[in-house]
$ cat query16.pdb   # PDB, C-alpha atoms
ATOM      1  CA  GLN B  25    -134.201 -18.667-100.699
ATOM      2  CA  LEU B  26    -133.911 -16.865 -97.368
ATOM      3  CA  ARG B  27    -131.181 -18.219 -95.125
ATOM      4  CA  LEU B  28    -131.682 -18.017 -91.354
ATOM      5  CA  VAL B  29    -128.925 -18.697 -88.847
ATOM      6  CA  GLU B  30    -129.695 -19.046 -85.140
ATOM      7  CA  SER B  31    -127.193 -18.607 -82.333
ATOM      8  CA  GLY B  32    -127.115 -18.096 -78.589
ATOM      9  CA  GLY B  33    -128.274 -21.450 -77.330
ATOM     10  CA  GLY B  34    -126.530 -23.312 -74.555
ATOM     11  CA  LEU B  35    -126.752 -24.844 -71.102
ATOM     12  CA  VAL B  36    -128.151 -22.733 -68.274
ATOM     13  CA  GLN B  37    -129.440 -23.392 -64.787
ATOM     14  CA  ALA B  38    -133.098 -22.975 -63.946
ATOM     15  CA  GLY B  39    -133.862 -19.328 -63.298
ATOM     16  CA  GLY B  40    -131.152 -18.173 -65.668
ATOM     17  CA  SER B  41    -131.351 -16.276 -68.940
ATOM     18  CA  LEU B  42    -130.322 -16.686 -72.547
ATOM     19  CA  ARG B  43    -130.729 -14.526 -75.620
ATOM     20  CA  LEU B  44    -131.193 -16.235 -78.948
ATOM     21  CA  SER B  45    -130.420 -14.451 -82.185
ATOM     22  CA  CYS B  46    -131.506 -15.250 -85.712
ATOM     23  CA  ALA B  47    -129.700 -13.519 -88.534
ATOM     24  CA  ALA B  48    -131.204 -13.360 -92.002
ATOM     25  CA  ALA B  49    -129.228 -12.935 -95.187
ATOM     26  CA  ASP B  50    -131.707 -10.791 -97.056
ATOM     27  CA  ILE B  51    -131.792  -7.046 -97.513
ATOM     28  CA  THR B  52    -135.606  -7.142 -97.524
ATOM     29  CA  PHE B  53    -135.703  -8.546 -93.985
ATOM     30  CA  SER B  54    -138.174  -5.854 -92.945
ATOM     31  CA  MET B  55    -140.763  -7.439 -95.245
ATOM     32  CA  TYR B  56    -140.743 -10.707 -93.289
ATOM     33  CA  ALA B  57    -142.824 -11.591 -90.276
ATOM     34  CA  MET B  58    -140.716 -13.653 -87.889
ATOM     35  CA  GLY B  59    -141.373 -16.335 -85.333
ATOM     36  CA  TRP B  60    -139.673 -18.632 -82.854
ATOM     37  CA  PHE B  61    -140.672 -22.265 -82.399
ATOM     38  CA  ARG B  62    -139.240 -25.068 -80.306
ATOM     39  CA  GLN B  63    -139.205 -28.836 -80.281
ATOM     40  CA  ALA B  64    -138.396 -30.943 -77.260
ATOM     41  CA  PRO B  65    -137.354 -34.609 -77.580
ATOM     42  CA  GLY B  66    -140.325 -36.799 -78.306
ATOM     43  CA  LYS B  67    -142.672 -33.840 -78.681
ATOM     44  CA  GLU B  68    -144.136 -31.937 -81.565
ATOM     45  CA  ARG B  69    -142.822 -28.574 -82.584
ATOM     46  CA  GLU B  70    -144.611 -25.766 -80.775
ATOM     47  CA  PHE B  71    -145.003 -22.070 -81.316
ATOM     48  CA  VAL B  72    -143.169 -19.802 -78.878
ATOM     49  CA  ALA B  73    -143.334 -16.198 -80.071
ATOM     50  CA  ALA B  74    -143.976 -14.075 -83.149
ATOM     51  CA  VAL B  75    -143.297 -10.526 -84.247
ATOM     52  CA  SER B  76    -144.686  -8.447 -87.083
ATOM     53  CA  ARG B  77    -142.582  -6.875 -89.810
ATOM     54  CA  SER B  78    -142.186  -3.597 -87.991
ATOM     55  CA  GLY B  79    -141.733  -5.156 -84.564
ATOM     56  CA  GLY B  80    -144.757  -3.320 -83.277
ATOM     57  CA  SER B  81    -146.899  -6.389 -82.702
ATOM     58  CA  THR B  82    -145.876  -9.477 -80.793
ATOM     59  CA  TYR B  83    -147.579 -12.662 -79.653
ATOM     60  CA  TYR B  84    -146.554 -15.414 -77.227
ATOM     61  CA  VAL B  85    -147.626 -18.852 -76.177
ATOM     62  CA  ASP B  86    -149.075 -18.680 -72.675
ATOM     63  CA  SER B  87    -146.285 -20.735 -71.114
ATOM     64  CA  VAL B  88    -143.643 -18.087 -71.878
ATOM     65  CA  LYS B  89    -145.612 -14.883 -71.362
ATOM     66  CA  GLY B  90    -143.857 -12.595 -68.922
ATOM     67  CA  ARG B  91    -140.587 -14.535 -69.258
ATOM     68  CA  PHE B  92    -139.669 -14.339 -72.964
ATOM     69  CA  THR B  93    -139.459 -11.284 -75.198
ATOM     70  CA  ILE B  94    -139.232 -11.317 -78.969
ATOM     71  CA  SER B  95    -137.781  -8.312 -80.736
ATOM     72  CA  ARG B  96    -136.153  -7.442 -84.029
ATOM     73  CA  ASP B  97    -133.623  -5.028 -85.436
ATOM     74  CA  ASN B  98    -134.393  -4.542 -89.097
ATOM     75  CA  ALA B  99    -131.195  -2.554 -89.625
ATOM     76  CA  LYS B 100    -129.234  -5.644 -88.560
ATOM     77  CA  ASN B 101    -131.527  -8.214 -90.247
ATOM     78  CA  THR B 102    -131.849  -9.964 -86.896
ATOM     79  CA  VAL B 103    -134.626 -11.201 -84.642
ATOM     80  CA  TYR B 104    -134.040 -11.963 -80.968
ATOM     81  CA  LEU B 105    -135.627 -14.054 -78.261
ATOM     82  CA  GLN B 106    -134.719 -12.938 -74.764
ATOM     83  CA  MET B 107    -135.476 -15.771 -72.369
ATOM     84  CA  ASN B 108    -135.561 -15.073 -68.637
ATOM     85  CA  SER B 109    -136.535 -17.194 -65.638
ATOM     86  CA  LEU B 110    -135.835 -20.311 -67.643
ATOM     87  CA  LYS B 111    -137.353 -23.597 -66.537
ATOM     88  CA  PRO B 112    -136.321 -27.186 -67.288
ATOM     89  CA  GLU B 113    -139.435 -27.535 -69.431
ATOM     90  CA  ASP B 114    -138.031 -24.859 -71.748
ATOM     91  CA  THR B 115    -135.378 -27.348 -72.849
ATOM     92  CA  ALA B 116    -135.688 -27.820 -76.613
ATOM     93  CA  VAL B 117    -134.202 -27.050 -79.967
ATOM     94  CA  TYR B 118    -135.292 -23.532 -80.863
ATOM     95  CA  TYR B 119    -135.954 -22.560 -84.466
ATOM     96  CA  CYS B 120    -136.564 -19.203 -86.015
ATOM     97  CA  ALA B 121    -138.884 -18.918 -88.973
ATOM     98  CA  ALA B 122    -139.774 -16.281 -91.536
ATOM     99  CA  ARG B 123    -142.540 -15.535 -93.986
ATOM    100  CA  TRP B 124    -142.963 -12.793 -96.523
ATOM    101  CA  ALA B 125    -145.748 -10.602 -95.209
ATOM    102  CA  LEU B 126    -147.749  -8.103 -97.207
ATOM    103  CA  SER B 127    -149.353  -6.809 -94.023
ATOM    104  CA  ASN B 128    -147.955  -5.955 -90.618
ATOM    105  CA  ASN B 129    -149.340  -9.025 -88.874
ATOM    106  CA  TYR B 130    -147.790 -11.798 -86.801
ATOM    107  CA  TYR B 131    -148.298 -15.506 -87.426
ATOM    108  CA  PHE B 132    -148.326 -18.372 -84.930
ATOM    109  CA  ARG B 133    -148.878 -21.467 -87.067
ATOM    110  CA  GLY B 134    -145.825 -23.287 -88.330
ATOM    111  CA  THR B 135    -147.548 -23.893 -91.654
ATOM    112  CA  GLU B 136    -147.676 -20.157 -92.231
ATOM    113  CA  TYR B 137    -143.896 -19.870 -92.385
ATOM    114  CA  ASN B 138    -141.826 -20.507 -95.479
ATOM    115  CA  TYR B 139    -138.267 -20.391 -94.187
ATOM    116  CA  TRP B 140    -136.626 -22.067 -91.210
ATOM    117  CA  GLY B 141    -133.264 -21.963 -89.522
ATOM    118  CA  GLN B 142    -131.244 -25.004 -88.524
ATOM    119  CA  GLY B 143    -132.070 -24.660 -84.830
ATOM    120  CA  THR B 144    -130.109 -24.014 -81.669
ATOM    121  CA  GLN B 145    -130.174 -26.198 -78.557
ATOM    122  CA  VAL B 146    -131.322 -24.745 -75.248
ATOM    123  CA  THR B 147    -130.878 -26.917 -72.188
ATOM    124  CA  VAL B 148    -132.090 -25.819 -68.764
ATOM    125  CA  SER B 149    -130.846 -27.834 -65.815
ATOM    126  CA  SER B 150    -132.771 -28.109 -62.567
TER     127      SER B 150
END

$ encode --input "query16.pdb" --output "structure tokens"
Amino acid sequence: QLRLVESGGGLVQAGGSLRLSCAAADITFSMYAMGWFRQAPGKEREFVAAVSRSGGSTYYVDSVKGRFTISRDNAKNTVYLQMNSLKPEDTAVYYCAARWALSNNYYFRGTEYNYWGQGTQVTVSS
């Protein structure tokens, strides 16, 4: 069982920045494709960003393109989500997710991921 622990959430004003981190307790972290999802109150969980095992391929939902950046440090077993120019509509609980990947692809469907963190709250005030 892969354990994922998110951190870095908080309260920020619109236009501000936050960096989320997701640490994995597994020495084979480099074999996992990683993703970030979010869920706002009363809404379904939505995909935000994904990164391949090597970090060389990334993919974003249109609403965050140009504002958010996903990256990973396989030496530190950690994936990051740098969030800039935050908007009130970015307010949600953010979850990181992982799946064992035989190929160096990214994945954007929640059903494709096997492991989930507990989530971290991001609140953007207007």

$ closest_atom_pairs --input "query16.pdb" --of "segment 72-117 of chain B" --to "segment 138-150 of chain B" --cutoff "9 Å" --atoms "all atoms listed in the file" --output "JSON lines"
{"residue": "B:Leu110", "atom": "CA", "partner": "B:Val148", "partner_atom": "CA", "distance": 6.8}
{"residue": "B:Lys111", "atom": "CA", "partner": "B:Val148", "partner_atom": "CA", "distance": 6.1}
{"residue": "B:Pro112", "atom": "CA", "partner": "B:Val148", "partner_atom": "CA", "distance": 4.7}
{"residue": "B:Glu113", "atom": "CA", "partner": "B:Val148", "partner_atom": "CA", "distance": 7.6}
{"residue": "B:Asp114", "atom": "CA", "partner": "B:Val148", "partner_atom": "CA", "distance": 6.7}
{"residue": "B:Thr115", "atom": "CA", "partner": "B:Thr147", "partner_atom": "CA", "distance": 4.6}
{"residue": "B:Ala116", "atom": "CA", "partner": "B:Val146", "partner_atom": "CA", "distance": 5.5}
{"residue": "B:Val117", "atom": "CA", "partner": "B:Gln145", "partner_atom": "CA", "distance": 4.4}

$ write_last_selection --input "query16.pdb" --atoms "C-alpha atoms" --output "PDB file, in the frame of the given file"
ATOM      1  CA  LEU B 110    -135.835 -20.311 -67.643  1.00  0.00           C
ATOM      2  CA  LYS B 111    -137.353 -23.597 -66.537  1.00  0.00           C
ATOM      3  CA  PRO B 112    -136.321 -27.186 -67.288  1.00  0.00           C
ATOM      4  CA  GLU B 113    -139.435 -27.535 -69.431  1.00  0.00           C
ATOM      5  CA  ASP B 114    -138.031 -24.859 -71.748  1.00  0.00           C
ATOM      6  CA  THR B 115    -135.378 -27.348 -72.849  1.00  0.00           C
ATOM      7  CA  ALA B 116    -135.688 -27.820 -76.613  1.00  0.00           C
ATOM      8  CA  VAL B 117    -134.202 -27.050 -79.967  1.00  0.00           C
TER       9      VAL B 117
END

$ resolve_selection --input "query16.pdb" --expression "the PyMOL selection byres ((chain B and resi 90-103) around 8)" --output "list in words"
Ser45, Cys46, Ala47, Ala48, Ala49, Asp50, Ile51, Phe53, Ser54, Met58, Ala73, Ala74, Val75, Ser78, Gly79, Thr82, Val88, Lys89, Tyr104, Leu105, Gln106, Met107, Asn108, Ser109 and Leu110 of chain B

$ residues_around --input "query16.pdb" --residues "Ala125 of chain B" --least-positions-apart "6" --cutoff "7 Å" --atoms "all atoms listed in the file" --output "list of chain:residue names"
B:Met55, B:Tyr56, B:Ala57

$ closest_residue --input "query16.pdb" --among "B:Arg123, B:Tyr130, B:Ala38, B:Val85" --to "Thr52 of chain B" --atoms "all atoms listed in the file"
B:Arg123

$ atom_distance --input "query16.pdb" --atom1 "atom CA of Gly59 of chain B" --atom2 "atom CA of Tyr84 of chain B"
9.7 Å

$ residues_near_point --input "query16.pdb" --point "(-126.7, -14.8, -72.9)" --cutoff "9 Å" --atoms "all atoms listed in the file" --output "list in words"
Gly32, Gly33, Gly34, Ser41, Leu42, Arg43, Leu44, Gln106 and Met107 of chain B

$ atom_distance --input "query16.pdb" --atom1 "atom CA of Cys120 of chain B" --atom2 "atom CA of Phe61 of chain B"
6.3 Å

$ atom_distance --input "query16.pdb" --atom1 "atom CA of Ser31 of chain B" --atom2 "atom CA of Val72 of chain B"
16.4 Å

$ decode --input "query16.pdb" --residues "segment 132-148 of chain B" --atoms "all heavy atoms" --output "CSV table (one decimal), in the first residue's frame"
chain,number,residue,atom,x,y,z
B,132,PHE,N,-5.2,11.0,-16.7
B,132,PHE,CA,-6.0,12.2,-16.3
B,132,PHE,C,-7.4,11.7,-15.8
B,132,PHE,O,-8.2,12.5,-15.4
B,132,PHE,CB,-6.2,13.2,-17.4
B,132,PHE,CG,-6.7,12.7,-18.6
B,132,PHE,CD1,-8.1,12.6,-18.9
B,132,PHE,CD2,-5.8,12.3,-19.7
B,132,PHE,CE1,-8.6,12.1,-20.1
B,132,PHE,CE2,-6.3,11.8,-20.9
B,132,PHE,CZ,-7.7,11.7,-21.1
B,133,ARG,N,-7.6,10.4,-15.7
B,133,ARG,CA,-8.9,9.9,-15.2
B,133,ARG,C,-8.7,9.4,-13.8
B,133,ARG,O,-7.8,8.7,-13.5
B,133,ARG,CB,-9.5,8.8,-16.0
B,133,ARG,CG,-9.8,9.2,-17.5
B,133,ARG,CD,-10.4,8.1,-18.2
B,133,ARG,NE,-10.8,8.4,-19.6
B,133,ARG,CZ,-9.9,8.3,-20.6
B,133,ARG,NH1,-8.7,7.9,-20.4
B,133,ARG,NH2,-10.3,8.7,-21.8
B,134,GLY,N,-9.6,9.8,-12.9
B,134,GLY,CA,-9.4,9.4,-11.5
B,134,GLY,C,-9.5,7.9,-11.3
B,134,GLY,O,-8.8,7.3,-10.5
B,135,THR,N,-10.2,7.2,-12.2
B,135,THR,CA,-10.3,5.8,-12.1
B,135,THR,C,-9.0,5.1,-12.5
B,135,THR,O,-8.9,3.9,-12.3
B,135,THR,CB,-11.5,5.3,-13.1
B,135,THR,OG1,-11.2,5.8,-14.4
B,135,THR,CG2,-12.8,5.7,-12.5
B,136,GLU,N,-8.1,5.8,-13.1
B,136,GLU,CA,-6.8,5.2,-13.5
B,136,GLU,C,-5.8,5.2,-12.4
B,136,GLU,O,-4.7,4.6,-12.5
B,136,GLU,CB,-6.3,5.9,-14.7
B,136,GLU,CG,-7.1,5.8,-15.9
B,136,GLU,CD,-6.6,6.6,-17.1
B,136,GLU,OE1,-6.5,7.8,-17.0
B,136,GLU,OE2,-6.3,5.9,-18.2
B,137,TYR,N,-6.2,5.8,-11.2
B,137,TYR,CA,-5.2,5.9,-10.1
B,137,TYR,C,-5.6,4.9,-9.0
B,137,TYR,O,-6.8,4.7,-8.7
B,137,TYR,CB,-5.2,7.3,-9.6
B,137,TYR,CG,-4.4,8.3,-10.5
B,137,TYR,CD1,-5.1,8.9,-11.5
B,137,TYR,CD2,-3.1,8.5,-10.4
B,137,TYR,CE1,-4.4,9.8,-12.4
B,137,TYR,CE2,-2.4,9.3,-11.2
B,137,TYR,CZ,-3.1,10.0,-12.2
B,137,TYR,OH,-2.4,10.8,-13.1
B,138,ASN,N,-4.6,4.4,-8.4
B,138,ASN,CA,-4.8,3.3,-7.4
B,138,ASN,C,-4.7,3.9,-5.9
B,138,ASN,O,-5.3,3.3,-5.0
B,138,ASN,CB,-3.8,2.2,-7.5
B,138,ASN,CG,-3.8,1.7,-8.9
B,138,ASN,OD1,-2.8,1.9,-9.7
B,138,ASN,ND2,-4.8,1.0,-9.3
B,139,TYR,N,-3.9,4.9,-5.8
B,139,TYR,CA,-3.6,5.4,-4.4
B,139,TYR,C,-3.9,6.9,-4.3
B,139,TYR,O,-3.6,7.7,-5.3
B,139,TYR,CB,-2.1,5.2,-4.1
B,139,TYR,CG,-1.7,3.7,-4.3
B,139,TYR,CD1,-1.0,3.3,-5.4
B,139,TYR,CD2,-2.0,2.8,-3.3
B,139,TYR,CE1,-0.7,2.0,-5.5
B,139,TYR,CE2,-1.6,1.5,-3.4
B,139,TYR,CZ,-1.0,1.1,-4.5
B,139,TYR,OH,-0.6,-0.3,-4.7
B,140,TRP,N,-4.4,7.3,-3.2
B,140,TRP,CA,-4.8,8.7,-3.0
B,140,TRP,C,-4.3,9.2,-1.6
B,140,TRP,O,-4.3,8.4,-0.7
B,140,TRP,CB,-6.3,8.8,-3.0
B,140,TRP,CG,-6.9,8.5,-4.4
B,140,TRP,CD1,-7.2,7.2,-4.9
B,140,TRP,CD2,-7.2,9.4,-5.4
B,140,TRP,NE1,-7.6,7.3,-6.2
B,140,TRP,CE2,-7.7,8.7,-6.5
B,140,TRP,CE3,-7.2,10.8,-5.5
B,140,TRP,CZ2,-8.1,9.3,-7.7
B,140,TRP,CZ3,-7.6,11.4,-6.7
B,140,TRP,CH2,-8.1,10.6,-7.8
B,141,GLY,N,-4.0,10.5,-1.6
B,141,GLY,CA,-3.7,11.1,-0.3
B,141,GLY,C,-5.0,11.5,0.4
B,141,GLY,O,-6.1,11.3,-0.1
B,142,GLN,N,-4.8,12.1,1.6
B,142,GLN,CA,-5.9,12.5,2.4
B,142,GLN,C,-6.5,13.9,2.0
B,142,GLN,O,-7.6,14.2,2.5
B,142,GLN,CB,-5.5,12.5,3.9
B,142,GLN,CG,-4.8,13.8,4.4
B,142,GLN,CD,-3.4,13.9,3.8
B,142,GLN,OE1,-2.8,13.0,3.3
B,142,GLN,NE2,-2.8,15.1,4.1
B,143,GLY,N,-5.7,14.6,1.2
B,143,GLY,CA,-6.2,15.9,0.8
B,143,GLY,C,-5.7,17.1,1.6
B,143,GLY,O,-5.4,16.9,2.8
B,144,THR,N,-5.6,18.2,1.0
B,144,THR,CA,-5.2,19.4,1.6
B,144,THR,C,-6.0,20.6,1.1
B,144,THR,O,-6.3,20.7,-0.1
B,144,THR,CB,-3.7,19.8,1.4
B,144,THR,OG1,-3.3,20.9,2.2
B,144,THR,CG2,-3.3,20.0,0.0
B,145,GLN,N,-6.5,21.4,2.1
B,145,GLN,CA,-7.5,22.5,1.7
B,145,GLN,C,-6.8,23.7,1.1
B,145,GLN,O,-5.8,24.2,1.7
B,145,GLN,CB,-8.3,22.9,3.0
B,145,GLN,CG,-9.3,24.0,2.7
B,145,GLN,CD,-10.4,23.6,1.9
B,145,GLN,OE1,-11.1,22.6,2.1
B,145,GLN,NE2,-10.8,24.5,0.9
B,146,VAL,N,-7.3,24.2,0.0
B,146,VAL,CA,-6.8,25.4,-0.5
B,146,VAL,C,-8.0,26.4,-0.6
B,146,VAL,O,-9.0,26.0,-1.2
B,146,VAL,CB,-6.2,25.2,-1.9
B,146,VAL,CG1,-5.9,26.5,-2.6
B,146,VAL,CG2,-5.0,24.4,-1.9
B,147,THR,N,-7.9,27.5,0.0
B,147,THR,CA,-8.9,28.5,0.0
B,147,THR,C,-8.4,29.8,-0.5
B,147,THR,O,-7.4,30.3,0.0
B,147,THR,CB,-9.5,28.7,1.4
B,147,THR,OG1,-10.0,27.5,1.9
B,147,THR,CG2,-10.7,29.7,1.4
B,148,VAL,N,-9.1,30.3,-1.6
B,148,VAL,CA,-8.6,31.6,-2.2
B,148,VAL,C,-9.7,32.6,-2.0
B,148,VAL,O,-10.9,32.4,-2.4
B,148,VAL,CB,-8.4,31.4,-3.7
B,148,VAL,CG1,-7.9,32.7,-4.3
B,148,VAL,CG2,-7.4,30.2,-4.0
